[in-house]
file protein_1.cif (mmCIF, N, CA and C atoms)
data_target
#
loop_
_atom_site.group_PDB
_atom_site.id
_atom_site.type_symbol
_atom_site.label_atom_id
_atom_site.label_comp_id
_atom_site.auth_asym_id
_atom_site.auth_seq_id
_atom_site.Cartn_x
_atom_site.Cartn_y
_atom_site.Cartn_z
ATOM 1 N N MET A 1 72.636 47.578 130.535
ATOM 2 C CA MET A 1 71.940 47.893 129.301
ATOM 3 C C MET A 1 72.755 48.871 128.459
ATOM 4 N N GLN A 2 73.373 49.850 129.115
ATOM 5 C CA GLN A 2 74.159 50.844 128.397
ATOM 6 C C GLN A 2 75.371 50.187 127.737
ATOM 7 N N ASP A 3 76.020 49.247 128.407
ATOM 8 C CA ASP A 3 77.153 48.534 127.821
ATOM 9 C C ASP A 3 76.726 47.752 126.589
ATOM 10 N N LEU A 4 75.551 47.166 126.637
ATOM 11 C CA LEU A 4 75.037 46.414 125.496
ATOM 12 C C LEU A 4 74.782 47.340 124.317
ATOM 13 N N GLN A 5 74.205 48.496 124.548
ATOM 14 C CA GLN A 5 73.947 49.450 123.469
ATOM 15 C C GLN A 5 75.250 49.957 122.867
ATOM 16 N N MET A 6 76.247 50.217 123.681
ATOM 17 C CA MET A 6 77.541 50.661 123.162
ATOM 18 C C MET A 6 78.174 49.549 122.333
ATOM 19 N N GLY A 7 77.999 48.325 122.767
ATOM 20 C CA GLY A 7 78.531 47.195 122.021
ATOM 21 C C GLY A 7 77.838 47.044 120.673
ATOM 22 N N LEU A 8 76.518 47.249 120.637
ATOM 23 C CA LEU A 8 75.774 47.133 119.387
ATOM 24 C C LEU A 8 76.163 48.224 118.401
ATOM 25 N N SER A 9 76.400 49.431 118.879
ATOM 26 C CA SER A 9 76.798 50.505 117.969
ATOM 27 C C SER A 9 78.176 50.221 117.387
ATOM 28 N N THR A 10 79.065 49.635 118.158
ATOM 29 C CA THR A 10 80.395 49.276 117.655
ATOM 30 C C THR A 10 80.279 48.185 116.597
ATOM 31 N N VAL A 11 79.451 47.204 116.863
ATOM 32 C CA VAL A 11 79.233 46.130 115.888
ATOM 33 C C VAL A 11 78.640 46.709 114.608
ATOM 34 N N SER A 12 77.672 47.600 114.750
ATOM 35 C CA SER A 12 77.044 48.230 113.585
ATOM 36 C C SER A 12 78.061 49.019 112.774
ATOM 37 N N GLN A 13 78.944 49.753 113.455
ATOM 38 C CA GLN A 13 79.980 50.513 112.755
ATOM 39 C C GLN A 13 80.933 49.579 112.021
ATOM 40 N N ASN A 14 81.307 48.469 112.662
ATOM 41 C CA ASN A 14 82.201 47.512 112.029
ATOM 42 C C ASN A 14 81.550 46.872 110.810
ATOM 43 N N LEU A 15 80.286 46.519 110.924
ATOM 44 C CA LEU A 15 79.580 45.932 109.783
ATOM 45 C C LEU A 15 79.464 46.930 108.637
ATOM 46 N N ASN A 16 79.221 48.188 108.959
ATOM 47 C CA ASN A 16 79.141 49.227 107.940
ATOM 48 C C ASN A 16 80.496 49.390 107.247
ATOM 49 N N ALA A 17 81.577 49.350 108.011
ATOM 50 C CA ALA A 17 82.922 49.468 107.428
ATOM 51 C C ALA A 17 83.212 48.284 106.507
ATOM 52 N N ILE A 18 82.809 47.101 106.910
ATOM 53 C CA ILE A 18 83.006 45.909 106.073
ATOM 54 C C ILE A 18 82.198 46.042 104.784
ATOM 55 N N TRP A 19 80.951 46.512 104.870
ATOM 56 C CA TRP A 19 80.098 46.678 103.693
ATOM 57 C C TRP A 19 80.697 47.709 102.730
ATOM 58 N N GLN A 20 81.193 48.822 103.276
ATOM 59 C CA GLN A 20 81.801 49.857 102.442
ATOM 60 C C GLN A 20 83.062 49.326 101.753
ATOM 61 N N ASP A 21 83.831 48.525 102.460
ATOM 62 C CA ASP A 21 85.026 47.916 101.863
ATOM 63 C C ASP A 21 84.628 46.953 100.745
ATOM 64 N N TYR A 22 83.568 46.180 100.975
ATOM 65 C CA TYR A 22 83.058 45.282 99.938
ATOM 66 C C TYR A 22 82.644 46.069 98.696
ATOM 67 N N LEU A 23 81.936 47.167 98.884
ATOM 68 C CA LEU A 23 81.495 47.987 97.750
ATOM 69 C C LEU A 23 82.682 48.569 96.992
ATOM 70 N N LYS A 24 83.742 48.966 97.699
ATOM 71 C CA LYS A 24 84.933 49.493 97.038
ATOM 72 C C LYS A 24 85.606 48.427 96.175
ATOM 73 N N HIS A 25 85.704 47.212 96.690
ATOM 74 C CA HIS A 25 86.301 46.123 95.915
ATOM 75 C C HIS A 25 85.411 45.736 94.728
ATOM 76 N N LEU A 26 84.105 45.723 94.938
ATOM 77 C CA LEU A 26 83.179 45.426 93.853
ATOM 78 C C LEU A 26 83.274 46.484 92.765
ATOM 79 N N ALA A 27 83.359 47.747 93.155
ATOM 80 C CA ALA A 27 83.484 48.836 92.178
ATOM 81 C C ALA A 27 84.786 48.718 91.394
ATOM 82 N N PHE A 28 85.858 48.319 92.050
ATOM 83 C CA PHE A 28 87.147 48.130 91.368
ATOM 84 C C PHE A 28 87.020 47.063 90.279
ATOM 85 N N ALA A 29 86.392 45.941 90.614
ATOM 86 C CA ALA A 29 86.202 44.870 89.637
ATOM 87 C C ALA A 29 85.285 45.319 88.503
ATOM 88 N N MET A 30 84.237 46.060 88.841
ATOM 89 C CA MET A 30 83.300 46.523 87.822
ATOM 90 C C MET A 30 83.947 47.563 86.908
ATOM 91 N N ARG A 31 84.825 48.400 87.455
ATOM 92 C CA ARG A 31 85.534 49.384 86.639
ATOM 93 C C ARG A 31 86.429 48.661 85.618
ATOM 94 N N ASN A 32 87.124 47.637 86.072
ATOM 95 C CA ASN A 32 87.961 46.859 85.149
ATOM 96 C C ASN A 32 87.117 46.186 84.079
ATOM 97 N N LEU A 33 85.978 45.642 84.464
ATOM 98 C CA LEU A 33 85.074 45.011 83.517
ATOM 99 C C LEU A 33 84.557 46.017 82.502
ATOM 100 N N ASN A 34 84.222 47.204 82.955
ATOM 101 C CA ASN A 34 83.733 48.252 82.074
ATOM 102 C C ASN A 34 84.812 48.673 81.078
ATOM 103 N N MET A 35 86.061 48.691 81.505
ATOM 104 C CA MET A 35 87.165 49.060 80.607
ATOM 105 C C MET A 35 87.342 48.024 79.498
ATOM 106 N N ILE A 36 87.080 46.776 79.798
ATOM 107 C CA ILE A 36 87.291 45.692 78.828
ATOM 108 C C ILE A 36 86.081 45.502 77.926
ATOM 109 N N ILE A 37 84.898 45.466 78.492
ATOM 110 C CA ILE A 37 83.711 45.064 77.743
ATOM 111 C C ILE A 37 82.861 46.244 77.274
ATOM 112 N N ASP A 38 82.764 47.301 78.046
ATOM 113 C CA ASP A 38 81.955 48.479 77.698
ATOM 114 C C ASP A 38 80.516 48.097 77.366
ATOM 115 N N SER A 39 79.850 47.502 78.329
ATOM 116 C CA SER A 39 78.439 47.152 78.180
ATOM 117 C C SER A 39 77.775 47.274 79.550
ATOM 118 N N PRO A 40 76.453 47.227 79.600
ATOM 119 C CA PRO A 40 75.787 47.295 80.906
ATOM 120 C C PRO A 40 76.256 46.170 81.830
ATOM 121 N N ILE A 41 76.256 46.453 83.110
ATOM 122 C CA ILE A 41 76.686 45.476 84.117
ATOM 123 C C ILE A 41 75.472 45.086 84.940
ATOM 124 N N ILE A 42 75.260 43.783 85.065
ATOM 125 C CA ILE A 42 74.165 43.270 85.881
ATOM 126 C C ILE A 42 74.771 42.651 87.138
ATOM 127 N N ILE A 43 74.388 43.167 88.279
ATOM 128 C CA ILE A 43 74.874 42.644 89.555
ATOM 129 C C ILE A 43 73.917 41.554 89.992
ATOM 130 N N SER A 44 74.462 40.387 90.276
ATOM 131 C CA SER A 44 73.606 39.284 90.709
ATOM 132 C C SER A 44 74.277 38.547 91.858
ATOM 133 N N GLY A 45 73.612 37.558 92.359
ATOM 134 C CA GLY A 45 74.165 36.752 93.439
ATOM 135 C C GLY A 45 73.389 36.942 94.726
ATOM 136 N N TYR A 46 73.955 36.398 95.774
ATOM 137 C CA TYR A 46 73.257 36.388 97.055
ATOM 138 C C TYR A 46 73.132 37.774 97.690
ATOM 139 N N LEU A 47 74.082 38.675 97.435
ATOM 140 C CA LEU A 47 74.039 39.990 98.070
ATOM 141 C C LEU A 47 73.284 41.028 97.254
ATOM 142 N N ALA A 48 72.957 40.742 96.015
ATOM 143 C CA ALA A 48 72.277 41.709 95.148
ATOM 144 C C ALA A 48 70.966 42.238 95.735
ATOM 145 N N PRO A 49 70.143 41.405 96.364
ATOM 146 C CA PRO A 49 68.889 41.944 96.915
ATOM 147 C C PRO A 49 69.096 42.946 98.050
ATOM 148 N N TYR A 50 70.283 42.963 98.632
ATOM 149 C CA TYR A 50 70.540 43.860 99.757
ATOM 150 C C TYR A 50 71.101 45.215 99.326
ATOM 151 N N LEU A 51 71.353 45.386 98.033
ATOM 152 C CA LEU A 51 71.853 46.666 97.543
ATOM 153 C C LEU A 51 70.703 47.668 97.491
ATOM 154 N N VAL A 52 70.896 48.783 98.153
ATOM 155 C CA VAL A 52 69.896 49.856 98.162
ATOM 156 C C VAL A 52 70.347 50.940 97.185
ATOM 157 N N PRO A 53 69.475 51.851 96.809
ATOM 158 C CA PRO A 53 69.863 52.893 95.848
ATOM 159 C C PRO A 53 71.115 53.679 96.253
ATOM 160 N N GLU A 54 71.305 53.896 97.545
ATOM 161 C CA GLU A 54 72.510 54.601 97.995
ATOM 162 C C GLU A 54 73.771 53.802 97.663
ATOM 163 N N ASP A 55 73.682 52.472 97.801
ATOM 164 C CA ASP A 55 74.822 51.615 97.457
ATOM 165 C C ASP A 55 75.115 51.684 95.959
ATOM 166 N N LEU A 56 74.063 51.670 95.154
ATOM 167 C CA LEU A 56 74.262 51.743 93.707
ATOM 168 C C LEU A 56 74.847 53.082 93.299
ATOM 169 N N ASN A 57 74.416 54.162 93.961
ATOM 170 C CA ASN A 57 74.991 55.480 93.677
ATOM 171 C C ASN A 57 76.465 55.527 94.053
ATOM 172 N N MET A 58 76.796 54.920 95.189
ATOM 173 C CA MET A 58 78.200 54.881 95.601
ATOM 174 C C MET A 58 79.026 54.055 94.619
ATOM 175 N N LEU A 59 78.490 52.903 94.202
ATOM 176 C CA LEU A 59 79.189 52.075 93.223
ATOM 177 C C LEU A 59 79.425 52.848 91.934
ATOM 178 N N LEU A 60 78.409 53.536 91.471
ATOM 179 C CA LEU A 60 78.529 54.307 90.240
ATOM 180 C C LEU A 60 79.591 55.396 90.385
ATOM 181 N N HIS A 61 79.596 56.063 91.528
ATOM 182 C CA HIS A 61 80.609 57.089 91.775
ATOM 183 C C HIS A 61 82.014 56.482 91.792
ATOM 184 N N LEU A 62 82.184 55.354 92.484
ATOM 185 C CA LEU A 62 83.499 54.718 92.572
ATOM 186 C C LEU A 62 83.958 54.175 91.221
ATOM 187 N N ILE A 63 83.034 53.669 90.424
ATOM 188 C CA ILE A 63 83.384 53.147 89.100
ATOM 189 C C ILE A 63 83.855 54.278 88.198
ATOM 190 N N ASN A 64 83.150 55.390 88.225
ATOM 191 C CA ASN A 64 83.459 56.502 87.315
ATOM 192 C C ASN A 64 84.604 57.386 87.790
ATOM 193 N N GLU A 65 85.046 57.177 89.014
ATOM 194 C CA GLU A 65 86.142 57.967 89.560
ATOM 195 C C GLU A 65 87.432 57.631 88.810
ATOM 196 N N ASN A 66 88.043 58.619 88.192
ATOM 197 C CA ASN A 66 89.287 58.445 87.430
ATOM 198 C C ASN A 66 89.141 57.427 86.302
ATOM 199 N N ASN A 67 87.988 57.381 85.688
ATOM 200 C CA ASN A 67 87.722 56.433 84.620
ATOM 201 C C ASN A 67 87.345 57.210 83.355
ATOM 202 N N PRO A 68 88.082 57.040 82.264
ATOM 203 C CA PRO A 68 87.755 57.798 81.050
ATOM 204 C C PRO A 68 86.450 57.343 80.386
ATOM 205 N N PHE A 69 86.020 56.111 80.658
ATOM 206 C CA PHE A 69 84.788 55.581 80.074
ATOM 207 C C PHE A 69 83.744 55.476 81.175
ATOM 208 N N THR A 70 82.897 56.483 81.262
ATOM 209 C CA THR A 70 81.930 56.514 82.357
ATOM 210 C C THR A 70 80.782 55.551 82.132
ATOM 211 N N LEU A 71 80.284 55.062 83.223
ATOM 212 C CA LEU A 71 79.132 54.174 83.237
ATOM 213 C C LEU A 71 77.951 54.991 83.731
ATOM 214 N N THR A 72 76.823 54.929 83.043
ATOM 215 C CA THR A 72 75.643 55.690 83.457
ATOM 216 C C THR A 72 74.774 54.839 84.382
ATOM 217 N N ALA A 73 73.861 55.487 85.071
ATOM 218 C CA ALA A 73 73.006 54.794 86.039
ATOM 219 C C ALA A 73 72.147 53.721 85.367
ATOM 220 N N ASP A 74 71.745 53.952 84.109
ATOM 221 C CA ASP A 74 70.907 52.951 83.441
ATOM 222 C C ASP A 74 71.718 51.753 82.944
ATOM 223 N N GLN A 75 73.047 51.820 83.046
ATOM 224 C CA GLN A 75 73.898 50.697 82.660
ATOM 225 C C GLN A 75 74.303 49.841 83.852
ATOM 226 N N LEU A 76 73.889 50.225 85.039
ATOM 227 C CA LEU A 76 74.185 49.473 86.260
ATOM 228 C C LEU A 76 72.876 48.877 86.760
ATOM 229 N N LEU A 77 72.711 47.583 86.559
ATOM 230 C CA LEU A 77 71.448 46.907 86.842
ATOM 231 C C LEU A 77 71.627 45.877 87.952
ATOM 232 N N VAL A 78 70.568 45.614 88.670
ATOM 233 C CA VAL A 78 70.569 44.570 89.691
ATOM 234 C C VAL A 78 69.697 43.438 89.183
ATOM 235 N N GLY A 79 70.270 42.245 89.130
ATOM 236 C CA GLY A 79 69.537 41.071 88.655
ATOM 237 C C GLY A 79 68.369 40.744 89.562
ATOM 238 N N THR A 80 67.318 40.233 88.964
ATOM 239 C CA THR A 80 66.108 39.925 89.733
ATOM 240 C C THR A 80 65.914 38.434 89.963
ATOM 241 N N HIS A 81 66.834 37.614 89.474
ATOM 242 C CA HIS A 81 66.670 36.169 89.599
ATOM 243 C C HIS A 81 67.721 35.539 90.507
ATOM 244 N N GLY A 82 68.300 36.332 91.391
ATOM 245 C CA GLY A 82 69.255 35.813 92.368
ATOM 246 C C GLY A 82 70.443 35.131 91.730
ATOM 247 N N GLN A 83 70.760 33.950 92.227
ATOM 248 C CA GLN A 83 71.942 33.231 91.769
ATOM 249 C C GLN A 83 71.796 32.706 90.344
ATOM 250 N N TYR A 84 70.593 32.725 89.797
ATOM 251 C CA TYR A 84 70.376 32.191 88.453
ATOM 252 C C TYR A 84 70.493 33.245 87.359
ATOM 253 N N THR A 85 70.701 34.499 87.716
ATOM 254 C CA THR A 85 70.790 35.573 86.735
ATOM 255 C C THR A 85 71.851 35.314 85.673
ATOM 256 N N PRO A 86 73.086 34.894 86.019
ATOM 257 C CA PRO A 86 74.080 34.646 84.967
ATOM 258 C C PRO A 86 73.668 33.532 84.008
ATOM 259 N N ALA A 87 73.074 32.467 84.536
ATOM 260 C CA ALA A 87 72.662 31.361 83.678
ATOM 261 C C ALA A 87 71.544 31.793 82.729
ATOM 262 N N ILE A 88 70.615 32.563 83.220
ATOM 263 C CA ILE A 88 69.516 33.051 82.382
ATOM 264 C C ILE A 88 70.058 33.981 81.307
ATOM 265 N N GLY A 89 70.970 34.872 81.688
ATOM 266 C CA GLY A 89 71.567 35.783 80.718
ATOM 267 C C GLY A 89 72.346 35.051 79.647
ATOM 268 N N ALA A 90 73.067 34.014 80.020
ATOM 269 C CA ALA A 90 73.834 33.239 79.047
ATOM 270 C C ALA A 90 72.907 32.487 78.096
ATOM 271 N N ALA A 91 71.762 32.052 78.570
ATOM 272 C CA ALA A 91 70.831 31.293 77.743
ATOM 273 C C ALA A 91 70.037 32.170 76.783
ATOM 274 N N LEU A 92 69.928 33.456 77.060
ATOM 275 C CA LEU A 92 69.095 34.335 76.234
ATOM 276 C C LEU A 92 69.537 34.372 74.768
ATOM 277 N N HIS A 93 70.827 34.314 74.517
ATOM 278 C CA HIS A 93 71.323 34.320 73.141
ATOM 279 C C HIS A 93 70.757 33.124 72.366
ATOM 280 N N TYR A 94 70.812 31.969 72.984
ATOM 281 C CA TYR A 94 70.348 30.762 72.311
ATOM 282 C C TYR A 94 68.825 30.718 72.200
ATOM 283 N N ILE A 95 68.139 31.221 73.190
ATOM 284 C CA ILE A 95 66.676 31.280 73.129
ATOM 285 C C ILE A 95 66.241 32.234 72.025
ATOM 286 N N ASN A 96 66.888 33.381 71.946
ATOM 287 C CA ASN A 96 66.575 34.352 70.900
ATOM 288 C C ASN A 96 66.828 33.752 69.519
ATOM 289 N N ARG A 97 67.939 33.062 69.365
ATOM 290 C CA ARG A 97 68.252 32.429 68.081
ATOM 291 C C ARG A 97 67.221 31.364 67.723
ATOM 292 N N PHE A 98 66.803 30.580 68.708
ATOM 293 C CA PHE A 98 65.816 29.538 68.460
ATOM 294 C C PHE A 98 64.474 30.146 68.065
ATOM 295 N N VAL A 99 64.060 31.197 68.756
ATOM 296 C CA VAL A 99 62.763 31.822 68.473
ATOM 297 C C VAL A 99 62.757 32.479 67.099
ATOM 298 N N HIS A 100 63.832 33.199 66.760
ATOM 299 C CA HIS A 100 63.833 33.966 65.529
ATOM 300 C C HIS A 100 64.332 33.189 64.305
ATOM 301 N N GLU A 101 65.195 32.207 64.516
ATOM 302 C CA GLU A 101 65.738 31.478 63.373
ATOM 303 C C GLU A 101 65.273 30.020 63.331
ATOM 304 N N GLY A 102 64.745 29.551 64.433
ATOM 305 C CA GLY A 102 64.258 28.174 64.468
ATOM 306 C C GLY A 102 65.373 27.148 64.541
ATOM 307 N N THR A 103 66.580 27.565 64.889
ATOM 308 C CA THR A 103 67.688 26.634 64.995
ATOM 309 C C THR A 103 68.140 26.535 66.446
ATOM 310 N N ALA A 104 68.493 25.348 66.831
ATOM 311 C CA ALA A 104 69.034 25.139 68.167
ATOM 312 C C ALA A 104 70.542 25.141 68.095
ATOM 313 N N LEU A 105 71.181 25.601 69.123
ATOM 314 C CA LEU A 105 72.641 25.691 69.214
ATOM 315 C C LEU A 105 73.180 26.101 67.892
#

call {"tool": "encode", "arguments": {"input": "protein_1.cif", "output": "structure tokens"}}
result
Amino acid sequence: MQDLQMGLSTVSQNLNAIWQDYLKHLAFAMRNLNMIIDSPIIISGYLAPYLVPEDLNMLLHLINENNPFTLTADQLLVGTHGQYTPAIGAALHYINRFVHEGTAL
């Protein structure tokens, strides 16, 4: 039983290291995106529901580290529609135009 518990703690540490590495790479990409676009960032996809507030704080810290254009906490959002968040966001421009101007495309 003790060997099994030691094995589980090692696996847990390895998974945590992999997750932290993923967050560092994600923050690098988001920092580059922020430098180019300078707008709020919406995180979506299969892993978005697993991001906890501590992860978002770490991402925000990593993004703003050595970055002249800081991103605030209210500019870092987690999508609520899973894998469909990008498609919904892309469609909003056209829906807004249709509602307010009555023109399609």

call {"tool": "residues_near_point", "arguments": {"input": "protein_1.cif", "point": "(64.6, 37.0, 91.1)", "cutoff": "10 Å", "atoms": "only C-alpha atoms", "output": "list of chain:residue names"}}
result
A:Ser44, A:Gly45, A:Ala48, A:Pro49, A:Val78, A:Gly79, A:Thr80, A:His81, A:Gly82, A:Gln83, A:Tyr84, A:Thr85

call {"tool": "write_last_selection", "arguments": {"input": "protein_1.cif", "atoms": "N, CA and C atoms", "output": "PDB file, in the frame of the given file"}}
result
ATOM      1  N   SER A  44      74.462  40.387  90.276  1.00  0.00           N
ATOM      2  CA  SER A  44      73.606  39.284  90.709  1.00  0.00           C
ATOM      3  C   SER A  44      74.277  38.547  91.858  1.00  0.00           C
ATOM      4  N   GLY A  45      73.612  37.558  92.359  1.00  0.00           N
ATOM      5  CA  GLY A  45      74.165  36.752  93.439  1.00  0.00           C
ATOM      6  C   GLY A  45      73.389  36.942  94.726  1.00  0.00           C
ATOM      7  N   ALA A  48      72.957  40.742  96.015  1.00  0.00           N
ATOM      8  CA  ALA A  48      72.277  41.709  95.148  1.00  0.00           C
ATOM      9  C   ALA A  48      70.966  42.238  95.735  1.00  0.00           C
ATOM     10  N   PRO A  49      70.143  41.405  96.364  1.00  0.00           N
ATOM     11  CA  PRO A  49      68.889  41.944  96.915  1.00  0.00           C
ATOM     12  C   PRO A  49      69.096  42.946  98.050  1.00  0.00           C
ATOM     13  N   VAL A  78      70.568  45.614  88.670  1.00  0.00           N
ATOM     14  CA  VAL A  78      70.569  44.570  89.691  1.00  0.00           C
ATOM     15  C   VAL A  78      69.697  43.438  89.183  1.00  0.00           C
ATOM     16  N   GLY A  79      70.270  42.245  89.130  1.00  0.00           N
ATOM     17  CA  GLY A  79      69.537  41.071  88.655  1.00  0.00           C
ATOM     18  C   GLY A  79      68.369  40.744  89.562  1.00  0.00           C
ATOM     19  N   THR A  80      67.318  40.233  88.964  1.00  0.00           N
ATOM     20  CA  THR A  80      66.108  39.925  89.733  1.00  0.00           C
ATOM     21  C   THR A  80      65.914  38.434  89.963  1.00  0.00           C
ATOM     22  N   HIS A  81      66.834  37.614  89.474  1.00  0.00           N
ATOM     23  CA  HIS A  81      66.670  36.169  89.599  1.00  0.00           C
ATOM     24  C   HIS A  81      67.721  35.539  90.507  1.00  0.00           C
ATOM     25  N   GLY A  82      68.300  36.332  91.391  1.00  0.00           N
ATOM     26  CA  GLY A  82      69.255  35.813  92.368  1.00  0.00           C
ATOM     27  C   GLY A  82      70.443  35.131  91.730  1.00  0.00           C
ATOM     28  N   GLN A  83      70.760  33.950  92.227  1.00  0.00           N
ATOM     29  CA  GLN A  83      71.942  33.231  91.769  1.00  0.00           C
ATOM     30  C   GLN A  83      71.796  32.706  90.344  1.00  0.00           C
ATOM     31  N   TYR A  84      70.593  32.725  89.797  1.00  0.00           N
ATOM     32  CA  TYR A  84      70.376  32.191  88.453  1.00  0.00           C
ATOM     33  C   TYR A  84      70.493  33.245  87.359  1.00  0.00           C
ATOM     34  N   THR A  85      70.701  34.499  87.716  1.00  0.00           N
ATOM     35  CA  THR A  85      70.790  35.573  86.735  1.00  0.00           C
ATOM     36  C   THR A  85      71.851  35.314  85.673  1.00  0.00           C
TER      37      THR A  85
END

call {"tool": "select_by_dssp", "arguments": {"input": "protein_1.cif", "residues": "chain A", "states": "alpha helix (DSSP H)", "output": "NGL selection string"}}
result
:A and (2-37 or 53-64 or 85-101)

call {"tool": "residues_around", "arguments": {"input": "protein_1.cif", "residues": "Met58 of chain A", "least_positions_apart": "5", "cutoff": "8 Å", "atoms": "only N, CA and C atoms", "output": "PDB file with N, CA and C atoms, keeping the file's coordinate frame"}}
result
ATOM      1  N   LEU A  23      81.936  47.167  98.884  1.00  0.00           N
ATOM      2  CA  LEU A  23      81.495  47.987  97.750  1.00  0.00           C
ATOM      3  C   LEU A  23      82.682  48.569  96.992  1.00  0.00           C
ATOM      4  N   LYS A  24      83.742  48.966  97.699  1.00  0.00           N
ATOM      5  CA  LYS A  24      84.933  49.493  97.038  1.00  0.00           C
ATOM      6  C   LYS A  24      85.606  48.427  96.175  1.00  0.00           C
ATOM      7  N   ALA A  27      83.359  47.747  93.155  1.00  0.00           N
ATOM      8  CA  ALA A  27      83.484  48.836  92.178  1.00  0.00           C
ATOM      9  C   ALA A  27      84.786  48.718  91.394  1.00  0.00           C
ATOM     10  N   VAL A  52      70.896  48.783  98.153  1.00  0.00           N
ATOM     11  CA  VAL A  52      69.896  49.856  98.162  1.00  0.00           C
ATOM     12  C   VAL A  52      70.347  50.940  97.185  1.00  0.00           C
ATOM     13  N   PRO A  53      69.475  51.851  96.809  1.00  0.00           N
ATOM     14  CA  PRO A  53      69.863  52.893  95.848  1.00  0.00           C
ATOM     15  C   PRO A  53      71.115  53.679  96.253  1.00  0.00           C
ATOM     16  N   ILE A  63      83.034  53.669  90.424  1.00  0.00           N
ATOM     17  CA  ILE A  63      83.384  53.147  89.100  1.00  0.00           C
ATOM     18  C   ILE A  63      83.855  54.278  88.198  1.00  0.00           C
ATOM     19  N   ASN A  64      83.150  55.390  88.225  1.00  0.00           N
ATOM     20  CA  ASN A  64      83.459  56.502  87.315  1.00  0.00           C
ATOM     21  C   ASN A  64      84.604  57.386  87.790  1.00  0.00           C
TER      22      ASN A  64
END

call {"tool": "residues_around", "arguments": {"input": "protein_1.cif", "residues": "Gln75 of chain A", "least_positions_apart": "2", "cutoff": "10 Å", "atoms": "only C-alpha atoms", "output": "list in words"}}
result
Asp38, Ser39, Pro40, Ile41, Ile42, Leu60, Thr70, Leu71, Thr72, Ala73, Leu77 and Val78 of chain A

call {"tool": "write_last_selection", "arguments": {"input": "protein_1.cif", "atoms": "N, CA and C atoms", "output": "compact mmCIF listing (two decimals), in the frame of the given file"}}
result
# COMPACT_ATOMS: atom_id res chain seq x y z
N ASP A 38 82.76 47.30 78.05
CA ASP A 38 81.96 48.48 77.70
C ASP A 38 80.52 48.10 77.37
N SER A 39 79.85 47.50 78.33
CA SER A 39 78.44 47.15 78.18
C SER A 39 77.78 47.27 79.55
N PRO A 40 76.45 47.23 79.60
CA PRO A 40 75.79 47.30 80.91
C PRO A 40 76.26 46.17 81.83
N ILE A 41 76.26 46.45 83.11
CA ILE A 41 76.69 45.48 84.12
C ILE A 41 75.47 45.09 84.94
N ILE A 42 75.26 43.78 85.06
CA ILE A 42 74.17 43.27 85.88
C ILE A 42 74.77 42.65 87.14
N LEU A 60 78.41 53.54 91.47
CA LEU A 60 78.53 54.31 90.24
C LEU A 60 79.59 55.40 90.38
N THR A 70 82.90 56.48 81.26
CA THR A 70 81.93 56.51 82.36
C THR A 70 80.78 55.55 82.13
N LEU A 71 80.28 55.06 83.22
CA LEU A 71 79.13 54.17 83.24
C LEU A 71 77.95 54.99 83.73
N THR A 72 76.82 54.93 83.04
CA THR A 72 75.64 55.69 83.46
C THR A 72 74.77 54.84 84.38
N ALA A 73 73.86 55.49 85.07
CA ALA A 73 73.01 54.79 86.04
C ALA A 73 72.15 53.72 85.37
N LEU A 77 72.71 47.58 86.56
CA LEU A 77 71.45 46.91 86.84
C LEU A 77 71.63 45.88 87.95
N VAL A 78 70.57 45.61 88.67
CA VAL A 78 70.57 44.57 89.69
C VAL A 78 69.70 43.44 89.18

call {"tool": "atom_distance", "arguments": {"input": "protein_1.cif", "atom1": "atom CA of Tyr94 of chain A", "atom2": "atom CA of Leu33 of chain A"}}
result
23.4 Å

call {"tool": "select_by_dssp", "arguments": {"input": "protein_1.cif", "residues": "segment 3-96 of chain A", "states": "strand (DSSP E or B)", "output": "ChimeraX atom specification"}}
result
/A:41-43,76-78
